[in-house]
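Dumped structure_31.txt below, it's compact mmCIF, C-alpha atoms:
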```txt
# COMPACT_ATOMS: atom_id res chain seq x y z
CA MET A 235 7.44 14.39 -44.90
CA SER A 236 10.42 15.95 -46.70
CA TYR A 237 11.49 19.60 -46.52
CA GLY A 238 9.02 21.77 -48.38
CA SER A 239 6.27 19.16 -48.32
CA GLY A 240 3.15 20.47 -50.04
CA THR A 241 1.07 18.06 -47.95
CA ILE A 242 2.45 19.42 -44.69
CA ASN A 243 1.81 22.95 -45.95
CA ASP A 244 -1.83 22.07 -46.67
CA VAL A 245 -2.20 20.50 -43.23
CA HIS A 246 -0.88 23.62 -41.50
CA TRP A 247 -3.35 25.81 -43.35
CA SER A 248 -6.28 23.52 -42.49
CA ILE A 249 -5.50 23.09 -38.77
CA PRO A 250 -7.08 26.37 -37.54
CA GLN A 251 -10.38 25.56 -39.26
CA VAL A 252 -10.47 21.86 -38.35
CA PHE A 253 -9.40 22.28 -34.73
CA ALA A 254 -11.81 25.17 -34.20
CA HIS A 255 -14.74 22.73 -34.57
CA LYS A 256 -16.75 22.68 -31.36
CA SER A 257 -16.79 18.87 -31.19
CA LEU A 258 -12.98 18.64 -31.11
CA ARG A 259 -10.82 19.12 -28.03
CA PRO A 260 -7.26 18.70 -29.32
CA LEU A 261 -4.19 18.24 -27.14
CA ALA A 262 -0.58 18.18 -28.37
CA VAL A 263 2.09 16.23 -26.50
CA ALA A 264 5.80 16.64 -27.22
CA GLY A 265 8.81 14.81 -25.89
CA PHE A 266 11.87 16.67 -24.65
CA HIS A 267 15.27 15.13 -23.93
CA LYS A 268 17.45 17.77 -22.33
CA GLY A 269 21.02 17.24 -23.40
CA GLY A 270 19.96 14.76 -26.08
CA GLN A 271 18.54 17.24 -28.56
CA SER A 272 18.22 16.51 -32.24
CA ILE A 273 20.31 18.57 -34.65
CA ILE A 274 17.30 20.68 -35.57
CA GLY A 275 16.04 21.77 -32.18
CA GLU A 276 14.80 20.74 -28.77
CA GLY A 277 12.78 17.57 -28.94
CA ASP A 278 12.56 13.84 -28.36
CA VAL A 279 15.81 13.25 -30.35
CA VAL A 280 13.77 12.64 -33.53
CA VAL A 281 10.86 15.12 -33.54
CA PRO A 282 11.53 18.76 -32.53
CA VAL A 283 8.98 20.45 -30.29
CA TYR A 284 7.92 22.87 -33.03
CA SER A 285 6.89 19.88 -35.18
CA SER A 286 4.79 18.49 -32.32
CA ARG A 287 2.97 21.80 -31.86
CA ALA A 288 -0.22 22.30 -33.86
CA ASP A 289 -0.23 26.06 -33.27
CA HIS A 290 1.87 28.13 -35.67
CA TYR A 291 2.32 31.45 -37.47
CA ALA A 292 1.00 31.73 -41.03
CA ALA A 293 1.00 34.35 -43.80
CA SER A 294 0.19 34.39 -47.51
CA GLU A 295 1.35 37.30 -49.66
CA GLU A 296 0.86 38.27 -53.32
CA VAL A 297 4.22 39.59 -54.50
CA SER A 298 6.18 40.51 -57.61
CA PHE A 299 9.88 41.01 -58.38
CA SER A 300 9.35 44.77 -58.18
CA ASP A 301 8.77 44.44 -54.43
CA SER A 302 12.13 45.06 -52.78
CA PHE A 303 10.66 44.74 -49.26
CA VAL A 304 7.80 42.46 -48.24
CA PRO A 305 6.42 42.96 -44.71
CA ALA A 306 4.55 39.66 -44.46
CA ARG A 307 1.44 39.86 -42.28
CA PHE A 308 1.39 36.83 -40.02
CA THR A 309 -1.44 35.44 -37.94
CA LYS A 310 -0.63 33.40 -34.85
CA HIS A 311 -3.01 30.46 -34.65
CA GLU A 312 -3.70 29.25 -31.13
CA THR A 313 -6.05 26.27 -31.07
CA THR A 314 -4.29 23.56 -29.12
CA PRO A 315 -2.69 23.36 -25.66
CA LEU A 316 0.78 21.80 -25.70
CA ILE A 317 2.45 19.85 -22.94
CA VAL A 318 6.15 18.99 -23.13
CA VAL A 319 7.29 16.01 -21.08
CA PRO A 320 10.72 14.43 -20.44
CA ALA A 321 10.78 11.64 -23.02
CA ASP A 322 12.71 10.13 -25.93
CA HIS A 323 11.07 9.29 -29.25
CA ILE A 324 11.23 5.60 -28.39
CA GLN A 325 12.15 4.34 -24.94
CA MET A 326 15.86 4.67 -24.24
CA ASP A 327 17.07 6.22 -21.01
CA LEU A 328 13.76 8.12 -20.84
CA PRO A 329 10.21 6.83 -21.52
CA GLY A 330 9.15 6.78 -25.18
CA ILE A 331 6.73 9.43 -26.41
CA ALA A 332 5.75 7.68 -29.67
CA SER A 333 3.58 5.11 -27.89
CA LEU A 334 2.25 4.48 -24.41
CA PRO A 335 3.16 1.27 -22.57
CA LYS A 336 0.38 -1.32 -22.49
CA LYS A 337 0.26 -1.09 -18.71
CA CYS A 338 -1.00 2.49 -19.02
CA ILE A 339 -4.15 1.29 -20.78
CA LYS A 340 -5.33 -0.52 -17.68
CA ASN A 341 -3.58 1.53 -15.03
CA SER A 342 -3.80 5.33 -15.23
CA THR A 343 -1.29 5.60 -12.40
CA CYS A 344 1.54 4.27 -14.58
CA ASP A 345 4.72 6.31 -14.53
CA HIS A 346 4.68 7.55 -18.14
CA PRO A 347 5.08 11.37 -17.93
CA SER A 348 2.24 12.17 -20.34
CA ILE A 349 -0.49 9.88 -18.99
CA SER A 350 -1.87 12.19 -16.31
CA ALA A 351 -2.38 15.05 -18.79
CA ILE A 352 -3.94 12.72 -21.39
CA THR A 353 -6.40 11.15 -18.95
CA SER A 354 -7.32 14.53 -17.47
CA HIS A 355 -7.94 15.84 -20.98
CA LEU A 356 -10.14 12.84 -21.84
CA LYS A 357 -12.14 13.48 -18.66
CA GLY A 358 -12.92 17.00 -19.89
CA ARG A 359 -10.59 18.89 -17.61
CA SER A 360 -8.89 22.02 -18.89
CA ILE A 361 -5.22 21.51 -19.72
CA ALA A 362 -2.83 24.44 -19.65
CA SER A 363 0.24 24.49 -21.86
CA VAL A 364 3.36 23.34 -20.03
CA MET A 365 6.79 23.63 -21.62
CA PRO A 366 10.43 24.32 -20.83
CA LYS A 367 12.35 27.32 -22.09
CA LEU A 368 12.73 26.83 -25.85
CA GLU A 369 15.15 28.52 -28.25
CA ASN A 370 14.64 26.89 -31.66
CA TYR A 371 12.14 27.95 -34.31
CA ARG A 372 11.42 27.06 -37.93
CA ILE A 373 10.41 29.16 -40.95
CA ASN A 374 8.90 27.37 -43.97
CA ILE A 375 8.72 29.42 -47.20
CA PHE A 376 6.67 28.15 -50.15
CA ILE A 377 7.07 29.93 -53.50
CA LYS A 378 4.31 29.64 -56.08
CA GLY A 379 3.71 31.03 -59.56
CA LEU A 380 7.31 30.87 -60.83
CA LYS A 381 7.19 28.04 -63.34
CA LYS A 382 10.34 29.24 -65.11
CA TYR A 383 12.49 28.70 -62.01
CA SER A 384 13.59 25.85 -59.79
CA ALA A 385 14.84 25.77 -56.21
CA LYS A 386 18.47 25.86 -57.35
CA ASP A 387 17.89 29.35 -58.84
CA PHE A 388 17.24 30.77 -55.36
CA SER A 389 19.46 31.66 -52.44
CA LEU A 390 18.26 32.56 -48.96
CA GLU A 391 19.92 34.25 -46.04
CA LEU A 392 18.61 35.09 -42.59
CA LEU A 393 19.65 38.69 -41.91
CA ASP A 394 19.99 38.34 -38.17
CA ASN A 395 23.44 38.06 -36.65
CA GLY A 396 22.00 37.17 -33.26
CA SER A 397 20.50 33.86 -34.38
CA GLU A 398 22.14 30.64 -35.45
CA PHE A 399 20.36 28.97 -38.35
CA ARG A 400 20.49 26.25 -40.98
CA LYS A 401 18.56 25.96 -44.23
CA ALA A 402 17.36 23.30 -46.63
CA ALA A 403 15.54 23.33 -49.98
CA ALA A 404 12.51 21.24 -50.88
CA LYS A 405 13.24 17.67 -51.93
CA LEU A 406 11.95 15.57 -54.80
CA ASN A 407 8.96 17.09 -56.59
CA GLU A 408 7.62 19.23 -53.76
CA GLY A 409 8.11 22.48 -55.67
CA ILE A 410 10.03 25.59 -54.70
CA ALA A 411 10.16 25.63 -50.93
CA PHE A 412 12.70 26.29 -48.22
CA THR A 413 13.09 25.64 -44.52
CA LEU A 414 15.08 27.90 -42.22
CA GLU A 415 15.73 26.58 -38.73
CA GLY A 416 16.94 29.22 -36.30
CA LYS A 417 17.83 29.66 -32.67
CA THR A 418 17.16 32.65 -30.45
CA ARG A 419 17.28 33.27 -26.72
CA LYS A 420 14.60 35.95 -26.86
CA SER A 421 11.01 35.09 -25.96
CA GLY A 422 7.77 35.95 -27.70
CA GLU A 423 7.08 36.95 -31.29
CA GLN A 424 10.05 38.40 -33.15
CA LYS A 425 10.58 39.92 -36.58
CA PHE A 426 13.32 38.43 -38.74
CA LEU A 427 14.52 39.61 -42.14
CA VAL A 428 15.04 36.99 -44.84
CA SER A 429 16.99 37.88 -48.00
CA LEU A 430 15.65 36.04 -51.06
CA LYS A 431 17.67 36.19 -54.28
CA VAL A 432 16.81 34.76 -57.70
CA LYS A 433 18.43 35.51 -61.08
CA GLY A 434 19.78 38.92 -60.06
CA GLN A 435 16.62 39.95 -58.21
CA ARG A 436 16.65 40.47 -54.44
CA GLN A 437 13.87 40.87 -51.94
CA VAL A 438 13.96 41.32 -48.19
CA ILE A 439 11.04 39.67 -46.44
CA GLU A 440 9.99 40.43 -42.87
CA VAL A 441 8.92 37.23 -41.13
CA SER A 442 7.31 36.70 -37.72
CA ALA A 443 8.71 33.79 -35.70
CA GLU A 444 8.87 32.57 -32.12
CA ALA A 445 10.96 30.01 -30.29
CA GLY A 446 9.13 26.68 -30.20
CA TYR A 447 6.91 27.51 -33.20
CA THR A 448 6.81 26.99 -36.96
CA SER A 449 6.13 29.96 -39.25
CA ILE A 450 4.53 29.21 -42.64
CA LEU A 451 4.89 31.76 -45.45
CA ASN A 452 3.32 31.35 -48.88
CA LEU A 453 4.71 33.75 -51.50
CA ASN A 454 2.49 33.91 -54.57
CA TYR A 455 4.35 35.55 -57.46
CA ALA A 456 2.77 37.20 -60.47
CA GLU A 457 5.21 36.77 -63.37
```
Take the structure from the file and write it as structure tokens.
Amino acid sequence: MSYGSGTINDVHWSIPQVFAHKSLRPLAVAGFHKGGQSIIGEGDVVVPVYSSRADHYAASEEVSFSDSFVPARFTKHETTPLIVVPADHIQMDLPGIASLPKKCIKNSTCDHPSISAITSHLKGRSIASVMPKLENYRINIFIKGLKKYSAKDFSLELLDNGSEFRKAAAKLNEGIAFTLEGKTRKSGEQKFLVSLKVKGQRQVIEVSAEAGYTSILNLNYAE
């Protein structure tokens, strides 16, 4: 579950195929505590909305150090409706999103904000995505094929002066991976430029991102 998790990367790449199966009807539910946001985006104080959303942007590019500009070709996967409800991670001043109260098992009219959507979904009714205005997005970059380097050899910068952002490198033995968490007030898909530097080499990578979504980019280097 750490930054740069190879397991999470694998899960993201498998979601479009798994959730496209005709026998599955997935539904994603996210909690949102307005005014009580986590430090990494709108969410239930613990889990940001973009982590609760199964849908995401994904791209995989074969690159080399001779490429000074990489226009990554992203696909937006849309498999799962998302509803965002007013909730904390666990019950505090709002209902908890991590588990439903026992009373909701026997009484579908309980006051938990997600129960009506869940029961309607289980009854086969179509659920439309419902969410507030979101501003935060995440970009995960996984670097493969560079066995001579480690994460500390790299530096990243988001070349967009209109977006606040923070960054973190992969932890433990997850490999060379980075997370950029940004904020934008624009809606819809946007193109951001990421500067990637390693041992005197510099590349500018064009990345697609959208508020409320995660973008996954695999860079496969040929040494």
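The space between atom CA of Gln435 of chain A and atom CA of Ile373 of chain A spans 21.3 Å.
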What lies within 6 Å of segment 274-287 of chain A using only C-alpha atoms, ignoring chain neighbours under 5 positions off, as a short mmCIF file (atom, residue, chain, number, x, y, z; two decimals) with C-alpha atoms, keeping the file's coordinate frame?
```cif
data_model
loop_
_atom_site.label_atom_id
_atom_site.label_comp_id
_atom_site.auth_asym_id
_atom_site.auth_seq_id
_atom_site.Cartn_x
_atom_site.Cartn_y
_atom_site.Cartn_z
CA ALA A 264 5.80 16.64 -27.22
CA GLY A 265 8.81 14.81 -25.89
CA PHE A 266 11.87 16.67 -24.65
CA HIS A 267 15.27 15.13 -23.93
CA ASP A 322 12.71 10.13 -25.93
CA HIS A 323 11.07 9.29 -29.25
CA ASN A 370 14.64 26.89 -31.66
CA GLY A 446 9.13 26.68 -30.20
CA TYR A 447 6.91 27.51 -33.20
CA THR A 448 6.81 26.99 -36.96
#
```
Quick one: everything within 12 Å of segment 354-365 of chain A, counting all atoms listed in the file, minus sequence neighbours fewer than 3 positions away in the same chain. Send it as number ranges by chain.
-> A: 258-266, 276-277, 283-284, 287, 289, 312-320, 342-343, 348-351, 368-369, 445-446
Mind checking which residues fall within 12 Å of Pro250 of chain A, counting all atoms listed in the file, ignoring those fewer than 3 positions away in the same chain, and posting them as a VMD selection string?
-> chain A and resid 244 to 247 253 to 255 258 260 288 to 292 309 to 314
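The residue that comes closest to Ser300 of chain A, out of A:Ile324, A:Lys256, A:Glu444, A:Gln437 and on the basis of only C-alpha atoms, is A:Gln437.
In this model, the gap between atom CA of Lys382 of chain A and atom CA of Gly434 of chain A comes to 14.4 Å.
One finds atom CA of Pro366 of chain A at 22.2 Å from atom CA of Lys425 of chain A.
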Once 4 Å is added on each side, what are the centre and the three edge lengths, in Å to one decimal, of the axis-aligned box enclosing the listed atoms of segment 421-439 of chain A? Present them as JSON.
```
{"center_x": 13.4, "center_y": 38.0, "center_z": -43.5, "size_x": 20.7, "size_y": 14.6, "size_z": 43.1}
```
Given the choices A:Arg419, A:Lys337, A:Lys401, A:Arg307, which gets closest to Leu451 of chain A if the distance is worked out from all atoms listed in the file?
-> A:Arg307
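With distances taken over all atoms listed in the file, A:His346 is the one residue among A:Lys386, A:Lys433, A:Lys420, A:His346 lying closest to Gly330 of chain A.
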Taking the structure I provided as the source, export segment 239-314 of chain A with C-alpha atoms, as a PDB file, in the first residue's frame.
```pdb
ATOM      1  CA  SER A 239       3.402  -0.137  -4.921  1.00  0.00           C
ATOM      2  CA  GLY A 240       3.947  -2.685  -7.679  1.00  0.00           C
ATOM      3  CA  THR A 241       0.857  -4.552  -6.473  1.00  0.00           C
ATOM      4  CA  ILE A 242      -1.335  -1.477  -6.801  1.00  0.00           C
ATOM      5  CA  ASN A 243       0.120  -0.868 -10.262  1.00  0.00           C
ATOM      6  CA  ASP A 244      -0.792  -4.422 -11.309  1.00  0.00           C
ATOM      7  CA  VAL A 245      -4.312  -3.998  -9.925  1.00  0.00           C
ATOM      8  CA  HIS A 246      -4.858  -0.797 -11.905  1.00  0.00           C
ATOM      9  CA  TRP A 247      -3.801  -2.484 -15.127  1.00  0.00           C
ATOM     10  CA  SER A 248      -6.098  -5.472 -14.509  1.00  0.00           C
ATOM     11  CA  ILE A 249      -9.231  -3.501 -13.543  1.00  0.00           C
ATOM     12  CA  PRO A 250     -10.439  -2.704 -17.100  1.00  0.00           C
ATOM     13  CA  GLN A 251     -10.297  -6.377 -18.100  1.00  0.00           C
ATOM     14  CA  VAL A 252     -11.749  -7.781 -14.866  1.00  0.00           C
ATOM     15  CA  PHE A 253     -14.543  -5.234 -14.503  1.00  0.00           C
ATOM     16  CA  ALA A 254     -15.509  -5.550 -18.164  1.00  0.00           C
ATOM     17  CA  HIS A 255     -16.706  -9.128 -17.486  1.00  0.00           C
ATOM     18  CA  LYS A 256     -20.410  -9.372 -18.246  1.00  0.00           C
ATOM     19  CA  SER A 257     -21.192 -11.097 -14.933  1.00  0.00           C
ATOM     20  CA  LEU A 258     -19.805  -8.200 -12.872  1.00  0.00           C
ATOM     21  CA  ARG A 259     -21.673  -4.998 -12.065  1.00  0.00           C
ATOM     22  CA  PRO A 260     -19.189  -2.956 -10.039  1.00  0.00           C
ATOM     23  CA  LEU A 261     -20.030   0.149  -8.024  1.00  0.00           C
ATOM     24  CA  ALA A 262     -17.511   2.420  -6.276  1.00  0.00           C
ATOM     25  CA  VAL A 263     -18.479   4.387  -3.177  1.00  0.00           C
ATOM     26  CA  ALA A 264     -16.303   7.168  -1.768  1.00  0.00           C
ATOM     27  CA  GLY A 265     -16.623   9.230   1.372  1.00  0.00           C
ATOM     28  CA  PHE A 266     -16.254  13.000   1.308  1.00  0.00           C
ATOM     29  CA  HIS A 267     -15.819  15.244   4.341  1.00  0.00           C
ATOM     30  CA  LYS A 268     -15.996  18.841   3.197  1.00  0.00           C
ATOM     31  CA  GLY A 269     -13.717  20.934   5.333  1.00  0.00           C
ATOM     32  CA  GLY A 270     -12.094  17.837   6.825  1.00  0.00           C
ATOM     33  CA  GLN A 271     -10.008  16.837   3.840  1.00  0.00           C
ATOM     34  CA  SER A 272      -6.914  14.708   4.109  1.00  0.00           C
ATOM     35  CA  ILE A 273      -3.587  16.285   3.198  1.00  0.00           C
ATOM     36  CA  ILE A 274      -3.593  14.524  -0.163  1.00  0.00           C
ATOM     37  CA  GLY A 275      -6.979  15.464  -1.531  1.00  0.00           C
ATOM     38  CA  GLU A 276     -10.723  15.455  -1.049  1.00  0.00           C
ATOM     39  CA  GLY A 277     -11.868  12.337   0.722  1.00  0.00           C
ATOM     40  CA  ASP A 278     -13.070  10.674   3.904  1.00  0.00           C
ATOM     41  CA  VAL A 279     -10.097  12.107   5.890  1.00  0.00           C
ATOM     42  CA  VAL A 280      -8.107   8.895   5.242  1.00  0.00           C
ATOM     43  CA  VAL A 281      -8.835   7.773   1.665  1.00  0.00           C
ATOM     44  CA  PRO A 282      -8.916  10.400  -1.122  1.00  0.00           C
ATOM     45  CA  VAL A 283     -11.669  10.133  -3.719  1.00  0.00           C
ATOM     46  CA  TYR A 284      -9.216   9.278  -6.499  1.00  0.00           C
ATOM     47  CA  SER A 285      -8.150   6.187  -4.507  1.00  0.00           C
ATOM     48  CA  SER A 286     -11.787   5.101  -4.161  1.00  0.00           C
ATOM     49  CA  ARG A 287     -12.385   5.411  -7.909  1.00  0.00           C
ATOM     50  CA  ALA A 288     -11.734   2.308 -10.001  1.00  0.00           C
ATOM     51  CA  ASP A 289     -11.669   4.291 -13.255  1.00  0.00           C
ATOM     52  CA  HIS A 290      -8.345   5.881 -14.172  1.00  0.00           C
ATOM     53  CA  TYR A 291      -6.010   7.025 -16.948  1.00  0.00           C
ATOM     54  CA  ALA A 292      -3.255   4.628 -18.041  1.00  0.00           C
ATOM     55  CA  ALA A 293      -0.322   4.676 -20.473  1.00  0.00           C
ATOM     56  CA  SER A 294       2.729   2.516 -21.115  1.00  0.00           C
ATOM     57  CA  GLU A 295       5.600   3.865 -23.210  1.00  0.00           C
ATOM     58  CA  GLU A 296       8.875   2.401 -24.496  1.00  0.00           C
ATOM     59  CA  VAL A 297      11.470   5.140 -24.076  1.00  0.00           C
ATOM     60  CA  SER A 298      15.205   5.793 -24.105  1.00  0.00           C
ATOM     61  CA  PHE A 299      17.427   8.586 -22.779  1.00  0.00           C
ATOM     62  CA  SER A 300      17.646  10.000 -26.301  1.00  0.00           C
ATOM     63  CA  ASP A 301      13.965  10.967 -26.090  1.00  0.00           C
ATOM     64  CA  SER A 302      13.886  14.567 -24.896  1.00  0.00           C
ATOM     65  CA  PHE A 303      10.071  14.749 -25.135  1.00  0.00           C
ATOM     66  CA  VAL A 304       7.663  11.886 -24.481  1.00  0.00           C
ATOM     67  CA  PRO A 305       3.997  12.520 -25.399  1.00  0.00           C
ATOM     68  CA  ALA A 306       2.510   9.635 -23.417  1.00  0.00           C
ATOM     69  CA  ARG A 307      -0.648   8.211 -24.980  1.00  0.00           C
ATOM     70  CA  PHE A 308      -3.200   7.718 -22.233  1.00  0.00           C
ATOM     71  CA  THR A 309      -6.417   5.734 -22.287  1.00  0.00           C
ATOM     72  CA  LYS A 310      -9.221   6.718 -19.941  1.00  0.00           C
ATOM     73  CA  HIS A 311     -10.808   3.577 -18.520  1.00  0.00           C
ATOM     74  CA  GLU A 312     -14.460   3.957 -17.599  1.00  0.00           C
ATOM     75  CA  THR A 313     -15.910   0.767 -16.149  1.00  0.00           C
ATOM     76  CA  THR A 314     -17.430   1.700 -12.816  1.00  0.00           C
TER      77      THR A 314
END
```
